[in-house]
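> So here's final.txt, just compact mmCIF, N, CA, C and O atoms:
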# COMPACT_ATOMS: atom_id res chain seq x y z
N MET A 4 -10.30 4.93 18.87
CA MET A 4 -9.68 3.82 18.19
C MET A 4 -8.55 3.30 19.06
O MET A 4 -7.71 4.06 19.50
N ARG A 5 -8.54 2.02 19.30
CA ARG A 5 -7.45 1.39 20.04
C ARG A 5 -7.02 0.14 19.30
O ARG A 5 -7.84 -0.61 18.81
N ARG A 6 -5.74 -0.06 19.25
CA ARG A 6 -5.20 -1.24 18.61
C ARG A 6 -4.16 -1.83 19.55
O ARG A 6 -3.27 -1.13 20.00
N TYR A 7 -4.30 -3.09 19.87
CA TYR A 7 -3.42 -3.74 20.83
C TYR A 7 -2.60 -4.82 20.14
O TYR A 7 -3.09 -5.52 19.27
N SER A 8 -1.38 -4.95 20.57
CA SER A 8 -0.52 -6.02 20.09
C SER A 8 0.32 -6.48 21.27
O SER A 8 1.09 -5.71 21.83
N GLU A 9 0.17 -7.73 21.69
CA GLU A 9 0.89 -8.22 22.86
C GLU A 9 1.75 -9.41 22.48
O GLU A 9 1.35 -10.28 21.72
N TYR A 10 2.94 -9.43 23.03
CA TYR A 10 3.87 -10.52 22.82
C TYR A 10 4.25 -11.09 24.18
O TYR A 10 4.44 -10.35 25.13
N GLU A 11 4.37 -12.40 24.28
CA GLU A 11 4.61 -13.03 25.56
C GLU A 11 6.04 -13.52 25.75
O GLU A 11 6.39 -14.04 26.79
N ALA A 12 6.90 -13.36 24.77
CA ALA A 12 8.28 -13.82 24.88
C ALA A 12 9.06 -12.94 25.85
O ALA A 12 8.71 -11.78 26.09
N ALA A 13 10.12 -13.50 26.42
CA ALA A 13 10.97 -12.74 27.35
C ALA A 13 11.54 -11.52 26.63
O ALA A 13 11.95 -11.58 25.48
N GLY A 14 11.59 -10.39 27.34
CA GLY A 14 12.12 -9.16 26.76
C GLY A 14 11.20 -8.53 25.74
O GLY A 14 11.60 -7.70 24.94
N SER A 15 9.95 -8.89 25.76
CA SER A 15 9.00 -8.38 24.78
C SER A 15 8.32 -7.11 25.28
O SER A 15 8.62 -6.61 26.35
N PHE A 16 7.41 -6.64 24.50
CA PHE A 16 6.73 -5.39 24.83
C PHE A 16 5.28 -5.44 24.37
O PHE A 16 4.89 -6.31 23.61
N THR A 17 4.52 -4.47 24.84
CA THR A 17 3.14 -4.31 24.44
C THR A 17 2.99 -2.94 23.79
O THR A 17 3.53 -1.96 24.29
N THR A 18 2.30 -2.88 22.68
CA THR A 18 2.04 -1.59 22.05
C THR A 18 0.55 -1.31 22.06
O THR A 18 -0.27 -2.23 22.04
N GLU A 19 0.23 -0.05 22.12
CA GLU A 19 -1.18 0.37 22.09
C GLU A 19 -1.25 1.68 21.32
O GLU A 19 -0.46 2.59 21.55
N THR A 20 -2.16 1.75 20.39
CA THR A 20 -2.41 2.98 19.65
C THR A 20 -3.80 3.46 20.02
O THR A 20 -4.75 2.69 19.95
N ALA A 21 -3.91 4.72 20.42
CA ALA A 21 -5.20 5.26 20.83
C ALA A 21 -5.29 6.72 20.43
O ALA A 21 -4.27 7.39 20.24
N SER A 22 -6.48 7.21 20.33
CA SER A 22 -6.72 8.62 20.05
C SER A 22 -7.27 9.28 21.30
O SER A 22 -8.16 8.73 21.95
N TRP A 23 -6.73 10.43 21.64
CA TRP A 23 -7.15 11.16 22.83
C TRP A 23 -7.49 12.58 22.43
O TRP A 23 -6.89 13.15 21.52
N GLY A 24 -8.43 13.17 23.14
CA GLY A 24 -8.78 14.57 22.90
C GLY A 24 -7.74 15.49 23.51
O GLY A 24 -6.83 15.06 24.20
N SER A 25 -7.86 16.78 23.26
CA SER A 25 -6.91 17.74 23.80
C SER A 25 -7.51 18.68 24.83
O SER A 25 -6.89 19.67 25.21
N THR A 26 -8.74 18.38 25.28
CA THR A 26 -9.30 19.17 26.37
C THR A 26 -8.57 18.80 27.66
O THR A 26 -7.93 17.76 27.75
N THR A 27 -8.66 19.64 28.65
CA THR A 27 -7.97 19.37 29.91
C THR A 27 -8.39 18.03 30.50
O THR A 27 -7.55 17.23 30.93
N ASN A 28 -9.70 17.76 30.51
CA ASN A 28 -10.17 16.49 31.07
C ASN A 28 -9.66 15.29 30.29
O ASN A 28 -9.28 14.27 30.87
N ALA A 29 -9.60 15.39 28.96
CA ALA A 29 -9.10 14.28 28.15
C ALA A 29 -7.62 14.05 28.40
O ALA A 29 -7.16 12.91 28.48
N VAL A 30 -6.84 15.12 28.54
CA VAL A 30 -5.41 14.98 28.80
C VAL A 30 -5.18 14.42 30.20
O VAL A 30 -4.27 13.61 30.42
N LEU A 31 -6.01 14.80 31.16
CA LEU A 31 -5.90 14.24 32.50
C LEU A 31 -6.22 12.74 32.49
O LEU A 31 -5.56 11.95 33.18
N GLU A 32 -7.19 12.34 31.69
CA GLU A 32 -7.50 10.91 31.55
C GLU A 32 -6.33 10.18 30.91
O GLU A 32 -5.99 9.06 31.32
N LEU A 33 -5.71 10.79 29.92
CA LEU A 33 -4.53 10.20 29.30
C LEU A 33 -3.41 10.04 30.31
O LEU A 33 -2.76 9.00 30.39
N ARG A 34 -3.17 11.08 31.11
CA ARG A 34 -2.14 11.01 32.15
C ARG A 34 -2.41 9.86 33.11
O ARG A 34 -1.51 9.07 33.41
N ASP A 35 -3.64 9.74 33.56
CA ASP A 35 -3.99 8.65 34.48
C ASP A 35 -3.78 7.28 33.82
O ASP A 35 -3.30 6.35 34.46
N HIS A 36 -4.14 7.19 32.54
CA HIS A 36 -3.96 5.94 31.80
C HIS A 36 -2.47 5.57 31.70
O HIS A 36 -2.08 4.42 31.91
N LEU A 37 -1.64 6.55 31.37
CA LEU A 37 -0.21 6.30 31.24
C LEU A 37 0.43 5.94 32.58
O LEU A 37 1.28 5.05 32.65
N LEU A 38 0.02 6.62 33.64
CA LEU A 38 0.55 6.31 34.96
C LEU A 38 0.16 4.91 35.41
O LEU A 38 0.97 4.17 35.96
N ALA A 39 -1.09 4.53 35.15
CA ALA A 39 -1.56 3.19 35.53
C ALA A 39 -0.81 2.10 34.77
O ALA A 39 -0.60 1.00 35.29
N ALA A 40 -0.38 2.42 33.54
CA ALA A 40 0.34 1.44 32.72
C ALA A 40 1.86 1.53 32.91
O ALA A 40 2.60 0.83 32.24
N ASN A 41 2.31 2.40 33.83
CA ASN A 41 3.74 2.61 34.09
C ASN A 41 4.51 2.97 32.82
O ASN A 41 5.62 2.48 32.60
N VAL A 42 3.93 3.84 32.01
CA VAL A 42 4.55 4.25 30.75
C VAL A 42 5.50 5.42 31.01
O VAL A 42 5.14 6.39 31.64
N SER A 43 6.72 5.27 30.51
CA SER A 43 7.71 6.34 30.58
C SER A 43 8.80 6.02 29.59
O SER A 43 9.22 4.86 29.49
N PRO A 44 9.31 6.91 28.84
CA PRO A 44 8.90 8.30 28.63
C PRO A 44 7.78 8.41 27.59
O PRO A 44 7.46 7.44 26.93
N VAL A 45 7.26 9.61 27.47
CA VAL A 45 6.22 9.89 26.49
C VAL A 45 6.81 10.85 25.46
O VAL A 45 7.46 11.82 25.82
N VAL A 46 6.57 10.58 24.20
CA VAL A 46 7.05 11.43 23.12
C VAL A 46 5.84 11.97 22.37
O VAL A 46 4.91 11.23 22.07
N ASN A 47 5.87 13.25 22.08
CA ASN A 47 4.76 13.90 21.40
C ASN A 47 5.31 14.66 20.20
O ASN A 47 6.25 15.43 20.32
N GLU A 48 4.72 14.44 19.04
CA GLU A 48 5.15 15.14 17.83
C GLU A 48 3.95 15.91 17.27
O GLU A 48 2.86 15.36 17.14
N THR A 49 4.17 17.17 16.96
CA THR A 49 3.08 17.98 16.43
C THR A 49 3.65 19.10 15.57
O THR A 49 4.82 19.41 15.63
N THR A 50 2.80 19.73 14.78
CA THR A 50 3.23 20.80 13.89
C THR A 50 2.61 22.14 14.26
O THR A 50 2.72 23.09 13.52
N SER A 51 1.96 22.21 15.40
CA SER A 51 1.30 23.45 15.80
C SER A 51 1.34 23.55 17.32
O SER A 51 2.14 22.89 17.97
N ASP A 52 0.48 24.36 17.88
CA ASP A 52 0.45 24.56 19.33
C ASP A 52 -0.36 23.50 20.07
O ASP A 52 -0.58 23.62 21.26
N TYR A 53 -0.77 22.45 19.37
CA TYR A 53 -1.59 21.42 20.00
C TYR A 53 -0.84 20.66 21.08
O TYR A 53 -1.45 19.98 21.88
N TRP A 54 0.47 20.73 21.13
CA TRP A 54 1.27 20.01 22.10
C TRP A 54 1.19 20.63 23.49
O TRP A 54 1.44 19.96 24.49
N LYS A 55 0.82 21.89 23.58
CA LYS A 55 0.90 22.60 24.86
C LYS A 55 0.09 21.96 25.99
O LYS A 55 0.63 21.75 27.07
N PRO A 56 -1.20 21.63 25.80
CA PRO A 56 -1.93 21.03 26.92
C PRO A 56 -1.32 19.70 27.35
O PRO A 56 -1.26 19.40 28.54
N PHE A 57 -0.84 18.92 26.39
CA PHE A 57 -0.22 17.64 26.72
C PHE A 57 1.06 17.85 27.51
O PHE A 57 1.31 17.21 28.52
N TYR A 58 1.89 18.78 27.06
CA TYR A 58 3.16 19.03 27.74
C TYR A 58 2.93 19.49 29.18
O TYR A 58 3.53 18.96 30.11
N TYR A 59 2.06 20.47 29.36
CA TYR A 59 1.89 21.04 30.69
C TYR A 59 1.26 20.04 31.67
O TYR A 59 1.63 20.00 32.83
N VAL A 60 0.33 19.23 31.22
CA VAL A 60 -0.30 18.26 32.11
C VAL A 60 0.63 17.08 32.35
O VAL A 60 0.82 16.64 33.49
N LEU A 61 1.23 16.54 31.29
CA LEU A 61 2.05 15.35 31.44
C LEU A 61 3.39 15.63 32.10
O LEU A 61 3.93 14.76 32.78
N SER A 62 3.95 16.81 31.95
CA SER A 62 5.24 17.10 32.56
C SER A 62 5.12 17.20 34.08
O SER A 62 6.10 17.02 34.79
N GLY A 63 3.93 17.43 34.58
CA GLY A 63 3.72 17.49 36.03
C GLY A 63 3.41 16.15 36.65
O GLY A 63 3.29 16.02 37.86
N ALA A 64 3.33 15.10 35.83
CA ALA A 64 2.96 13.77 36.34
C ALA A 64 4.13 13.06 36.99
O ALA A 64 5.25 13.19 36.70
With the file now loaded, output its structure as structure tokens.


Amino acid sequence: MRRYSEYEAAGSFTTETASWGSTTNAVLELRDHLLAANVSPVVNETTSDYWKPFYYVLSGA
């Protein structure tokens, strides 16, 4: 699922909502996507250990 919202006014931003898997390959694809879009910083919220693959892969980017 992806949802895009783009604004063209000065000082504006683009938002994107997407769902990503938590396998190593899916997280690597997410990392590549974020790097290509020059996204920084990344915030992750979770209630279990699901954050670990994201943290370890994305913190090395």

> Report, in Å to a single decimal, how far apart atom CA of Ser51 of chain A and atom CA of Leu37 of chain A are.

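Atom-to-atom, atom CA of Leu37 of chain A to atom CA of Ser51 of chain A, that is 23.1 Å.
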
> In segment 13-60 of chain A, what's helix (DSSP H, G or I) per DSSP? Answer as a list in words?

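Here is the list: Thr27, Asn28, Ala29, Val30, Leu31, Glu32, Leu33, Arg34, Asp35, His36, Leu37, Leu38, Ala39, Trp54, Lys55, Pro56, Phe57, Tyr58, Tyr59 and Val60 of chain A.
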
> Take the residues just selected and output them with N, CA, C and O atoms as a PDB file, in the frame of the given file.


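The file below, part38.pdb, is the result:
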ATOM      1  N   THR A  27      -8.660  19.640  28.650  1.00  0.00           N
ATOM      2  CA  THR A  27      -7.970  19.370  29.910  1.00  0.00           C
ATOM      3  C   THR A  27      -8.390  18.030  30.500  1.00  0.00           C
ATOM      4  O   THR A  27      -7.550  17.230  30.930  1.00  0.00           O
ATOM      5  N   ASN A  28      -9.700  17.760  30.510  1.00  0.00           N
ATOM      6  CA  ASN A  28     -10.170  16.490  31.070  1.00  0.00           C
ATOM      7  C   ASN A  28      -9.660  15.290  30.290  1.00  0.00           C
ATOM      8  O   ASN A  28      -9.280  14.270  30.870  1.00  0.00           O
ATOM      9  N   ALA A  29      -9.600  15.390  28.960  1.00  0.00           N
ATOM     10  CA  ALA A  29      -9.100  14.280  28.150  1.00  0.00           C
ATOM     11  C   ALA A  29      -7.620  14.050  28.400  1.00  0.00           C
ATOM     12  O   ALA A  29      -7.160  12.910  28.480  1.00  0.00           O
ATOM     13  N   VAL A  30      -6.840  15.120  28.540  1.00  0.00           N
ATOM     14  CA  VAL A  30      -5.410  14.980  28.800  1.00  0.00           C
ATOM     15  C   VAL A  30      -5.180  14.420  30.200  1.00  0.00           C
ATOM     16  O   VAL A  30      -4.270  13.610  30.420  1.00  0.00           O
ATOM     17  N   LEU A  31      -6.010  14.800  31.160  1.00  0.00           N
ATOM     18  CA  LEU A  31      -5.900  14.240  32.500  1.00  0.00           C
ATOM     19  C   LEU A  31      -6.220  12.740  32.490  1.00  0.00           C
ATOM     20  O   LEU A  31      -5.560  11.950  33.180  1.00  0.00           O
ATOM     21  N   GLU A  32      -7.190  12.340  31.690  1.00  0.00           N
ATOM     22  CA  GLU A  32      -7.500  10.910  31.550  1.00  0.00           C
ATOM     23  C   GLU A  32      -6.330  10.180  30.910  1.00  0.00           C
ATOM     24  O   GLU A  32      -5.990   9.060  31.320  1.00  0.00           O
ATOM     25  N   LEU A  33      -5.710  10.790  29.920  1.00  0.00           N
ATOM     26  CA  LEU A  33      -4.530  10.200  29.300  1.00  0.00           C
ATOM     27  C   LEU A  33      -3.410  10.040  30.310  1.00  0.00           C
ATOM     28  O   LEU A  33      -2.760   9.000  30.390  1.00  0.00           O
ATOM     29  N   ARG A  34      -3.170  11.080  31.110  1.00  0.00           N
ATOM     30  CA  ARG A  34      -2.140  11.010  32.150  1.00  0.00           C
ATOM     31  C   ARG A  34      -2.410   9.860  33.110  1.00  0.00           C
ATOM     32  O   ARG A  34      -1.510   9.070  33.410  1.00  0.00           O
ATOM     33  N   ASP A  35      -3.640   9.740  33.560  1.00  0.00           N
ATOM     34  CA  ASP A  35      -3.990   8.650  34.480  1.00  0.00           C
ATOM     35  C   ASP A  35      -3.780   7.280  33.820  1.00  0.00           C
ATOM     36  O   ASP A  35      -3.300   6.350  34.460  1.00  0.00           O
ATOM     37  N   HIS A  36      -4.140   7.190  32.540  1.00  0.00           N
ATOM     38  CA  HIS A  36      -3.960   5.940  31.800  1.00  0.00           C
ATOM     39  C   HIS A  36      -2.470   5.570  31.700  1.00  0.00           C
ATOM     40  O   HIS A  36      -2.080   4.420  31.910  1.00  0.00           O
ATOM     41  N   LEU A  37      -1.640   6.550  31.370  1.00  0.00           N
ATOM     42  CA  LEU A  37      -0.210   6.300  31.240  1.00  0.00           C
ATOM     43  C   LEU A  37       0.430   5.940  32.580  1.00  0.00           C
ATOM     44  O   LEU A  37       1.280   5.050  32.650  1.00  0.00           O
ATOM     45  N   LEU A  38       0.020   6.620  33.640  1.00  0.00           N
ATOM     46  CA  LEU A  38       0.550   6.310  34.960  1.00  0.00           C
ATOM     47  C   LEU A  38       0.160   4.910  35.410  1.00  0.00           C
ATOM     48  O   LEU A  38       0.970   4.170  35.960  1.00  0.00           O
ATOM     49  N   ALA A  39      -1.090   4.530  35.150  1.00  0.00           N
ATOM     50  CA  ALA A  39      -1.560   3.190  35.530  1.00  0.00           C
ATOM     51  C   ALA A  39      -0.810   2.100  34.770  1.00  0.00           C
ATOM     52  O   ALA A  39      -0.600   1.000  35.290  1.00  0.00           O
ATOM     53  N   TRP A  54       0.470  20.730  21.130  1.00  0.00           N
ATOM     54  CA  TRP A  54       1.270  20.010  22.100  1.00  0.00           C
ATOM     55  C   TRP A  54       1.190  20.630  23.490  1.00  0.00           C
ATOM     56  O   TRP A  54       1.440  19.960  24.490  1.00  0.00           O
ATOM     57  N   LYS A  55       0.820  21.890  23.580  1.00  0.00           N
ATOM     58  CA  LYS A  55       0.900  22.600  24.860  1.00  0.00           C
ATOM     59  C   LYS A  55       0.090  21.960  25.990  1.00  0.00           C
ATOM     60  O   LYS A  55       0.630  21.750  27.070  1.00  0.00           O
ATOM     61  N   PRO A  56      -1.200  21.630  25.800  1.00  0.00           N
ATOM     62  CA  PRO A  56      -1.930  21.030  26.920  1.00  0.00           C
ATOM     63  C   PRO A  56      -1.320  19.700  27.350  1.00  0.00           C
ATOM     64  O   PRO A  56      -1.260  19.400  28.540  1.00  0.00           O
ATOM     65  N   PHE A  57      -0.840  18.920  26.390  1.00  0.00           N
ATOM     66  CA  PHE A  57      -0.220  17.640  26.720  1.00  0.00           C
ATOM     67  C   PHE A  57       1.060  17.850  27.510  1.00  0.00           C
ATOM     68  O   PHE A  57       1.310  17.210  28.520  1.00  0.00           O
ATOM     69  N   TYR A  58       1.890  18.780  27.060  1.00  0.00           N
ATOM     70  CA  TYR A  58       3.160  19.030  27.740  1.00  0.00           C
ATOM     71  C   TYR A  58       2.930  19.490  29.180  1.00  0.00           C
ATOM     72  O   TYR A  58       3.530  18.960  30.110  1.00  0.00           O
ATOM     73  N   TYR A  59       2.060  20.470  29.360  1.00  0.00           N
ATOM     74  CA  TYR A  59       1.890  21.040  30.690  1.00  0.00           C
ATOM     75  C   TYR A  59       1.260  20.040  31.670  1.00  0.00           C
ATOM     76  O   TYR A  59       1.630  20.000  32.830  1.00  0.00           O
ATOM     77  N   VAL A  60       0.330  19.230  31.220  1.00  0.00           N
ATOM     78  CA  VAL A  60      -0.300  18.260  32.110  1.00  0.00           C
ATOM     79  C   VAL A  60       0.630  17.080  32.350  1.00  0.00           C
ATOM     80  O   VAL A  60       0.820  16.640  33.490  1.00  0.00           O
TER      81      VAL A  60
END

> Quick one: pull the distance between atom C of Thr18 of chain A and atom N of Leu38 of chain A, Å, one decimal.

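About the pair atom C of Thr18 of chain A and atom N of Leu38 of chain A: they are 14.0 Å apart.
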
> Could you state the separation of atom N of Thr50 of chain A and atom C of Asn28 of chain A in Å, given to one decimal place?

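According to the coordinates, atom N of Thr50 of chain A and atom C of Asn28 of chain A are separated by 20.4 Å.
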
> From the list A:Thr49, A:Leu61, A:Phe16, A:Asn41, which residue is nearest Ala29 of chain A when using only C-alpha atoms?

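When distances to Ala29 of chain A are compared using only C-alpha atoms, the smallest one comes from A:Leu61.
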
> Could segment 28-39 of chain A be written out with all heavy atoms, as a PDB file, in the first residue's frame, please?


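After the write, out_34.pdb holds the following:
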ATOM      1  N   ASN A  28      16.043  -8.851   3.167  1.00  0.00           N
ATOM      2  CA  ASN A  28      15.952  -8.282   1.820  1.00  0.00           C
ATOM      3  C   ASN A  28      14.958  -7.133   1.749  1.00  0.00           C
ATOM      4  O   ASN A  28      15.207  -6.125   1.083  1.00  0.00           O
ATOM      5  CB  ASN A  28      15.578  -9.362   0.803  1.00  0.00           C
ATOM      6  CG  ASN A  28      16.744 -10.282   0.502  1.00  0.00           C
ATOM      7  OD1 ASN A  28      17.894  -9.915   0.693  1.00  0.00           O
ATOM      8  ND2 ASN A  28      16.439 -11.485   0.046  1.00  0.00           N
ATOM      9  N   ALA A  29      13.833  -7.244   2.443  1.00  0.00           N
ATOM     10  CA  ALA A  29      12.836  -6.168   2.434  1.00  0.00           C
ATOM     11  C   ALA A  29      13.382  -4.922   3.117  1.00  0.00           C
ATOM     12  O   ALA A  29      13.161  -3.800   2.654  1.00  0.00           O
ATOM     13  CB  ALA A  29      11.555  -6.632   3.111  1.00  0.00           C
ATOM     14  N   VAL A  30      14.104  -5.092   4.220  1.00  0.00           N
ATOM     15  CA  VAL A  30      14.675  -3.944   4.922  1.00  0.00           C
ATOM     16  C   VAL A  30      15.786  -3.305   4.091  1.00  0.00           C
ATOM     17  O   VAL A  30      15.932  -2.080   4.063  1.00  0.00           O
ATOM     18  CB  VAL A  30      15.168  -4.343   6.326  1.00  0.00           C
ATOM     19  CG1 VAL A  30      15.797  -3.159   7.043  1.00  0.00           C
ATOM     20  CG2 VAL A  30      14.019  -4.905   7.161  1.00  0.00           C
ATOM     21  N   LEU A  31      16.548  -4.110   3.371  1.00  0.00           N
ATOM     22  CA  LEU A  31      17.571  -3.559   2.477  1.00  0.00           C
ATOM     23  C   LEU A  31      16.927  -2.758   1.345  1.00  0.00           C
ATOM     24  O   LEU A  31      17.431  -1.695   0.963  1.00  0.00           O
ATOM     25  CB  LEU A  31      18.442  -4.680   1.902  1.00  0.00           C
ATOM     26  CG  LEU A  31      19.391  -5.335   2.903  1.00  0.00           C
ATOM     27  CD1 LEU A  31      20.021  -6.586   2.290  1.00  0.00           C
ATOM     28  CD2 LEU A  31      20.463  -4.359   3.367  1.00  0.00           C
ATOM     29  N   GLU A  32      15.804  -3.235   0.833  1.00  0.00           N
ATOM     30  CA  GLU A  32      15.072  -2.482  -0.196  1.00  0.00           C
ATOM     31  C   GLU A  32      14.554  -1.165   0.382  1.00  0.00           C
ATOM     32  O   GLU A  32      14.610  -0.130  -0.286  1.00  0.00           O
ATOM     33  CB  GLU A  32      13.907  -3.306  -0.736  1.00  0.00           C
ATOM     34  CG  GLU A  32      14.343  -4.463  -1.613  1.00  0.00           C
ATOM     35  CD  GLU A  32      13.165  -5.314  -2.062  1.00  0.00           C
ATOM     36  OE1 GLU A  32      12.011  -4.851  -1.989  1.00  0.00           O
ATOM     37  OE2 GLU A  32      13.402  -6.455  -2.493  1.00  0.00           O
ATOM     38  N   LEU A  33      14.060  -1.200   1.605  1.00  0.00           N
ATOM     39  CA  LEU A  33      13.614   0.020   2.268  1.00  0.00           C
ATOM     40  C   LEU A  33      14.767   0.999   2.425  1.00  0.00           C
ATOM     41  O   LEU A  33      14.633   2.192   2.148  1.00  0.00           O
ATOM     42  CB  LEU A  33      13.011  -0.306   3.633  1.00  0.00           C
ATOM     43  CG  LEU A  33      12.698   0.891   4.538  1.00  0.00           C
ATOM     44  CD1 LEU A  33      11.679   1.819   3.895  1.00  0.00           C
ATOM     45  CD2 LEU A  33      12.223   0.408   5.902  1.00  0.00           C
ATOM     46  N   ARG A  34      15.920   0.501   2.862  1.00  0.00           N
ATOM     47  CA  ARG A  34      17.100   1.353   3.009  1.00  0.00           C
ATOM     48  C   ARG A  34      17.464   2.016   1.682  1.00  0.00           C
ATOM     49  O   ARG A  34      17.689   3.231   1.623  1.00  0.00           O
ATOM     50  CB  ARG A  34      18.291   0.536   3.513  1.00  0.00           C
ATOM     51  CG  ARG A  34      19.545   1.385   3.694  1.00  0.00           C
ATOM     52  CD  ARG A  34      20.788   0.560   3.741  1.00  0.00           C
ATOM     53  NE  ARG A  34      20.946  -0.129   2.461  1.00  0.00           N
ATOM     54  CZ  ARG A  34      21.815  -1.086   2.244  1.00  0.00           C
ATOM     55  NH1 ARG A  34      22.576  -1.528   3.206  1.00  0.00           N
ATOM     56  NH2 ARG A  34      21.916  -1.646   1.066  1.00  0.00           N
ATOM     57  N   ASP A  35      17.485   1.238   0.617  1.00  0.00           N
ATOM     58  CA  ASP A  35      17.809   1.792  -0.702  1.00  0.00           C
ATOM     59  C   ASP A  35      16.784   2.843  -1.125  1.00  0.00           C
ATOM     60  O   ASP A  35      17.138   3.879  -1.688  1.00  0.00           O
ATOM     61  CB  ASP A  35      17.886   0.679  -1.745  1.00  0.00           C
ATOM     62  CG  ASP A  35      19.053  -0.264  -1.499  1.00  0.00           C
ATOM     63  OD1 ASP A  35      19.980   0.101  -0.738  1.00  0.00           O
ATOM     64  OD2 ASP A  35      19.023  -1.375  -2.054  1.00  0.00           O
ATOM     65  N   HIS A  36      15.513   2.576  -0.835  1.00  0.00           N
ATOM     66  CA  HIS A  36      14.442   3.519  -1.167  1.00  0.00           C
ATOM     67  C   HIS A  36      14.627   4.836  -0.407  1.00  0.00           C
ATOM     68  O   HIS A  36      14.503   5.924  -0.977  1.00  0.00           O
ATOM     69  CB  HIS A  36      13.093   2.894  -0.842  1.00  0.00           C
ATOM     70  CG  HIS A  36      11.933   3.799  -1.026  1.00  0.00           C
ATOM     71  ND1 HIS A  36      11.389   4.069  -2.256  1.00  0.00           N
ATOM     72  CD2 HIS A  36      11.225   4.524  -0.137  1.00  0.00           C
ATOM     73  CE1 HIS A  36      10.388   4.920  -2.115  1.00  0.00           C
ATOM     74  NE2 HIS A  36      10.265   5.208  -0.832  1.00  0.00           N
ATOM     75  N   LEU A  37      14.917   4.745   0.881  1.00  0.00           N
ATOM     76  CA  LEU A  37      15.097   5.944   1.697  1.00  0.00           C
ATOM     77  C   LEU A  37      16.335   6.734   1.274  1.00  0.00           C
ATOM     78  O   LEU A  37      16.305   7.966   1.222  1.00  0.00           O
ATOM     79  CB  LEU A  37      15.198   5.565   3.179  1.00  0.00           C
ATOM     80  CG  LEU A  37      13.933   4.960   3.795  1.00  0.00           C
ATOM     81  CD1 LEU A  37      14.224   4.451   5.198  1.00  0.00           C
ATOM     82  CD2 LEU A  37      12.796   5.965   3.793  1.00  0.00           C
ATOM     83  N   LEU A  38      17.412   6.034   0.962  1.00  0.00           N
ATOM     84  CA  LEU A  38      18.624   6.719   0.506  1.00  0.00           C
ATOM     85  C   LEU A  38      18.398   7.425  -0.823  1.00  0.00           C
ATOM     86  O   LEU A  38      18.843   8.556  -1.016  1.00  0.00           O
ATOM     87  CB  LEU A  38      19.784   5.723   0.387  1.00  0.00           C
ATOM     88  CG  LEU A  38      20.344   5.200   1.713  1.00  0.00           C
ATOM     89  CD1 LEU A  38      21.341   4.069   1.451  1.00  0.00           C
ATOM     90  CD2 LEU A  38      20.978   6.320   2.514  1.00  0.00           C
ATOM     91  N   ALA A  39      17.692   6.769  -1.740  1.00  0.00           N
ATOM     92  CA  ALA A  39      17.416   7.374  -3.045  1.00  0.00           C
ATOM     93  C   ALA A  39      16.543   8.620  -2.912  1.00  0.00           C
ATOM     94  O   ALA A  39      16.663   9.560  -3.692  1.00  0.00           O
ATOM     95  CB  ALA A  39      16.746   6.356  -3.970  1.00  0.00           C
TER      96      ALA A  39
END
